[in-house]
file structure39.cif (mmCIF, N, CA and C atoms)
data_protein
#
loop_
_atom_site.label_atom_id
_atom_site.label_comp_id
_atom_site.auth_asym_id
_atom_site.auth_seq_id
_atom_site.Cartn_x
_atom_site.Cartn_y
_atom_site.Cartn_z
N MET A 1 87.56 107.94 87.84
CA MET A 1 88.55 108.59 88.67
C MET A 1 89.42 107.56 89.39
N ILE A 2 88.88 106.37 89.57
CA ILE A 2 89.69 105.32 90.18
C ILE A 2 90.76 104.87 89.20
N LYS A 3 90.37 104.67 87.94
CA LYS A 3 91.35 104.25 86.93
C LYS A 3 92.45 105.28 86.74
N GLU A 4 92.10 106.55 86.86
CA GLU A 4 93.08 107.62 86.69
C GLU A 4 93.90 107.85 87.97
N GLU A 5 93.60 107.07 89.01
CA GLU A 5 94.28 107.15 90.31
C GLU A 5 94.10 108.50 91.01
N ILE A 6 92.97 109.14 90.72
CA ILE A 6 92.61 110.36 91.47
C ILE A 6 92.04 109.93 92.82
N ILE A 7 91.23 108.87 92.78
CA ILE A 7 90.71 108.25 94.00
C ILE A 7 91.57 107.02 94.24
N THR A 8 92.19 106.93 95.42
CA THR A 8 93.13 105.84 95.70
C THR A 8 92.90 105.25 97.09
N ASP A 9 93.58 104.17 97.32
CA ASP A 9 93.70 103.52 98.63
C ASP A 9 92.36 103.35 99.33
N GLY A 10 92.27 103.80 100.57
CA GLY A 10 91.08 103.59 101.39
C GLY A 10 89.86 104.35 100.94
N MET A 11 90.03 105.32 100.05
CA MET A 11 88.87 106.06 99.55
C MET A 11 88.09 105.24 98.52
N ILE A 12 88.73 104.28 97.88
CA ILE A 12 88.06 103.49 96.84
C ILE A 12 86.81 102.79 97.38
N PRO A 13 86.89 102.02 98.47
CA PRO A 13 85.65 101.37 98.94
C PRO A 13 84.61 102.37 99.44
N LYS A 14 85.05 103.48 99.96
CA LYS A 14 84.10 104.49 100.44
C LYS A 14 83.33 105.09 99.26
N VAL A 15 84.04 105.43 98.21
CA VAL A 15 83.40 106.01 97.02
C VAL A 15 82.49 104.98 96.36
N ARG A 16 82.96 103.75 96.26
CA ARG A 16 82.12 102.70 95.66
C ARG A 16 80.84 102.50 96.47
N SER A 17 80.94 102.54 97.77
CA SER A 17 79.75 102.38 98.62
C SER A 17 78.79 103.55 98.43
N ALA A 18 79.33 104.76 98.35
CA ALA A 18 78.50 105.95 98.15
C ALA A 18 77.77 105.87 96.81
N ILE A 19 78.49 105.49 95.78
CA ILE A 19 77.88 105.37 94.45
C ILE A 19 76.85 104.25 94.45
N GLY A 20 77.16 103.16 95.14
CA GLY A 20 76.22 102.05 95.24
C GLY A 20 74.92 102.47 95.89
N SER A 21 75.00 103.30 96.92
CA SER A 21 73.78 103.77 97.58
C SER A 21 72.94 104.62 96.64
N LEU A 22 73.60 105.38 95.78
CA LEU A 22 72.85 106.20 94.81
C LEU A 22 72.20 105.32 93.76
N SER A 23 72.81 104.18 93.45
CA SER A 23 72.25 103.30 92.42
C SER A 23 70.94 102.65 92.86
N ILE A 24 70.66 102.69 94.18
CA ILE A 24 69.37 102.19 94.66
C ILE A 24 68.46 103.37 95.04
N HIS A 25 68.77 104.50 94.43
CA HIS A 25 67.96 105.72 94.52
C HIS A 25 67.92 106.38 95.89
N MET A 26 68.98 106.21 96.66
CA MET A 26 69.11 107.03 97.87
C MET A 26 69.32 108.45 97.37
N LYS A 27 68.84 109.43 98.09
CA LYS A 27 68.95 110.82 97.64
C LYS A 27 70.37 111.34 97.70
N GLN A 28 71.11 110.91 98.72
CA GLN A 28 72.50 111.36 98.83
C GLN A 28 73.28 110.44 99.74
N ALA A 29 74.59 110.52 99.61
CA ALA A 29 75.51 109.80 100.49
C ALA A 29 76.63 110.77 100.85
N VAL A 30 77.13 110.67 102.06
CA VAL A 30 78.18 111.57 102.51
C VAL A 30 79.31 110.76 103.13
N ILE A 31 80.53 111.10 102.75
CA ILE A 31 81.71 110.49 103.36
C ILE A 31 82.27 111.51 104.34
N LEU A 32 82.30 111.12 105.61
CA LEU A 32 82.83 111.98 106.67
C LEU A 32 84.03 111.32 107.32
N ASN A 33 84.85 112.12 107.96
CA ASN A 33 85.99 111.60 108.71
C ASN A 33 85.49 111.08 110.05
N GLY A 34 85.45 109.77 110.21
CA GLY A 34 84.96 109.16 111.43
C GLY A 34 85.85 109.40 112.63
N LEU A 35 87.06 109.88 112.40
CA LEU A 35 87.96 110.18 113.51
C LEU A 35 87.69 111.56 114.09
N LYS A 36 86.80 112.30 113.45
CA LYS A 36 86.44 113.64 113.92
C LYS A 36 84.95 113.69 114.24
N PRO A 37 84.58 113.35 115.49
CA PRO A 37 83.16 113.37 115.85
C PRO A 37 82.51 114.72 115.60
N GLU A 38 83.29 115.79 115.67
CA GLU A 38 82.73 117.11 115.42
C GLU A 38 82.25 117.27 113.98
N ASP A 39 82.86 116.52 113.04
CA ASP A 39 82.39 116.55 111.65
C ASP A 39 80.99 115.96 111.54
N ILE A 40 80.75 114.87 112.26
CA ILE A 40 79.44 114.24 112.23
C ILE A 40 78.40 115.19 112.83
N ALA A 41 78.72 115.79 113.96
CA ALA A 41 77.80 116.74 114.60
C ALA A 41 77.54 117.92 113.68
N SER A 42 78.58 118.41 113.03
CA SER A 42 78.45 119.56 112.14
C SER A 42 77.54 119.21 110.95
N TYR A 43 77.72 118.02 110.39
CA TYR A 43 76.88 117.58 109.27
C TYR A 43 75.42 117.49 109.70
N LEU A 44 75.18 116.91 110.88
CA LEU A 44 73.82 116.76 111.36
C LEU A 44 73.15 118.10 111.65
N LYS A 45 73.95 119.14 111.87
CA LYS A 45 73.41 120.49 112.07
C LYS A 45 73.15 121.20 110.75
N GLY A 46 73.49 120.54 109.63
CA GLY A 46 73.22 121.12 108.32
C GLY A 46 74.41 121.80 107.66
N ASN A 47 75.57 121.69 108.28
CA ASN A 47 76.77 122.30 107.70
C ASN A 47 77.35 121.41 106.60
N GLU A 48 78.04 122.03 105.68
CA GLU A 48 78.67 121.29 104.58
C GLU A 48 80.05 120.81 105.01
N VAL A 49 80.15 119.53 105.28
CA VAL A 49 81.42 118.90 105.62
C VAL A 49 81.51 117.58 104.87
N GLY A 50 82.71 117.11 104.67
CA GLY A 50 82.90 115.83 104.00
C GLY A 50 82.71 115.92 102.50
N THR A 51 82.49 114.76 101.90
CA THR A 51 82.28 114.65 100.46
C THR A 51 80.88 114.13 100.24
N ARG A 52 80.08 114.90 99.52
CA ARG A 52 78.67 114.55 99.32
C ARG A 52 78.44 114.08 97.90
N PHE A 53 77.71 112.98 97.78
CA PHE A 53 77.29 112.44 96.50
C PHE A 53 75.77 112.60 96.44
N VAL A 54 75.26 113.15 95.35
CA VAL A 54 73.83 113.43 95.25
C VAL A 54 73.27 112.71 94.03
N TYR A 55 72.14 112.02 94.24
CA TYR A 55 71.45 111.34 93.14
C TYR A 55 70.75 112.37 92.28
N LYS A 56 71.00 112.29 90.99
CA LYS A 56 70.35 113.18 90.04
C LYS A 56 69.78 112.32 88.93
N GLU A 57 68.47 112.36 88.81
CA GLU A 57 67.82 111.57 87.77
C GLU A 57 67.91 112.32 86.46
N GLU A 58 68.38 111.62 85.45
CA GLU A 58 68.51 112.25 84.13
C GLU A 58 67.20 112.08 83.38
N VAL A 59 66.72 113.17 82.87
CA VAL A 59 65.49 113.16 82.09
C VAL A 59 65.85 113.42 80.63
N ILE A 60 65.44 112.51 79.77
CA ILE A 60 65.75 112.65 78.34
C ILE A 60 64.45 112.92 77.60
N TYR A 61 64.44 114.02 76.89
CA TYR A 61 63.28 114.39 76.09
C TYR A 61 63.56 114.01 74.66
N GLY A 62 62.58 113.53 73.99
CA GLY A 62 62.88 113.22 72.61
C GLY A 62 61.75 112.65 71.92
#
call {"tool": "encode", "arguments": {"input": "structure39.cif", "output": "structure tokens"}}
result
Amino acid sequence: MIKEEIITDGMIPKVRSAIGSLSIHMKQAVILNGLKPEDIASYLKGNEVGTRFVYKEEVIYG
């Protein structure tokens, strides 16, 4: 998505960091707007805000 310029500018390092955290088997990473403290509070209360990346282990049978 970076090559296709869907993800651009300041989102690139955020997305790369989120993906990097998943590569070390973190269960999830969330990108929130740090300029909106209410978003952080809302996320901590269990609400869906921001962009969430979730680790999914692929199981191959064969």
call {"tool": "atom_distance", "arguments": {"input": "structure39.cif", "atom1": "atom C of Val15 in chain A", "atom2": "atom C of Ile60 in chain A"}}
result
27.2 Å
call {"tool": "atom_distance", "arguments": {"input": "structure39.cif", "atom1": "CA of Glu38 in chain A", "atom2": "atom C of Ser17 in chain A"}}
result
22.1 Å
call {"tool": "residues_around", "arguments": {"input": "structure39.cif", "residues": "range 46-59 of chain A", "least_positions_apart": "2", "cutoff": "6 Å", "atoms": "only C-alpha atoms", "output": "JSON, numbers by chain"}}
result
{"A": [22, 27, 28, 29, 30, 31, 32, 42, 43, 44]}
call {"tool": "select_by_dssp", "arguments": {"input": "structure39.cif", "residues": "chain A", "states": "strand (DSSP E or B)", "output": "list in words"}}
result
Gln28, Ala29, Val30, Ile31, Thr51, Arg52, Phe53 and Val54 of chain A
call {"tool": "atom_distance", "arguments": {"input": "structure39.cif", "atom1": "atom C of Pro13 in chain A", "atom2": "atom C of Met1 in chain A"}}
result
12.3 Å
call {"tool": "select_by_dssp", "arguments": {"input": "structure39.cif", "residues": "chain A", "states": "alpha helix (DSSP H)", "output": "PyMOL selection string"}}
result
chain A and resi 11-23+37-44
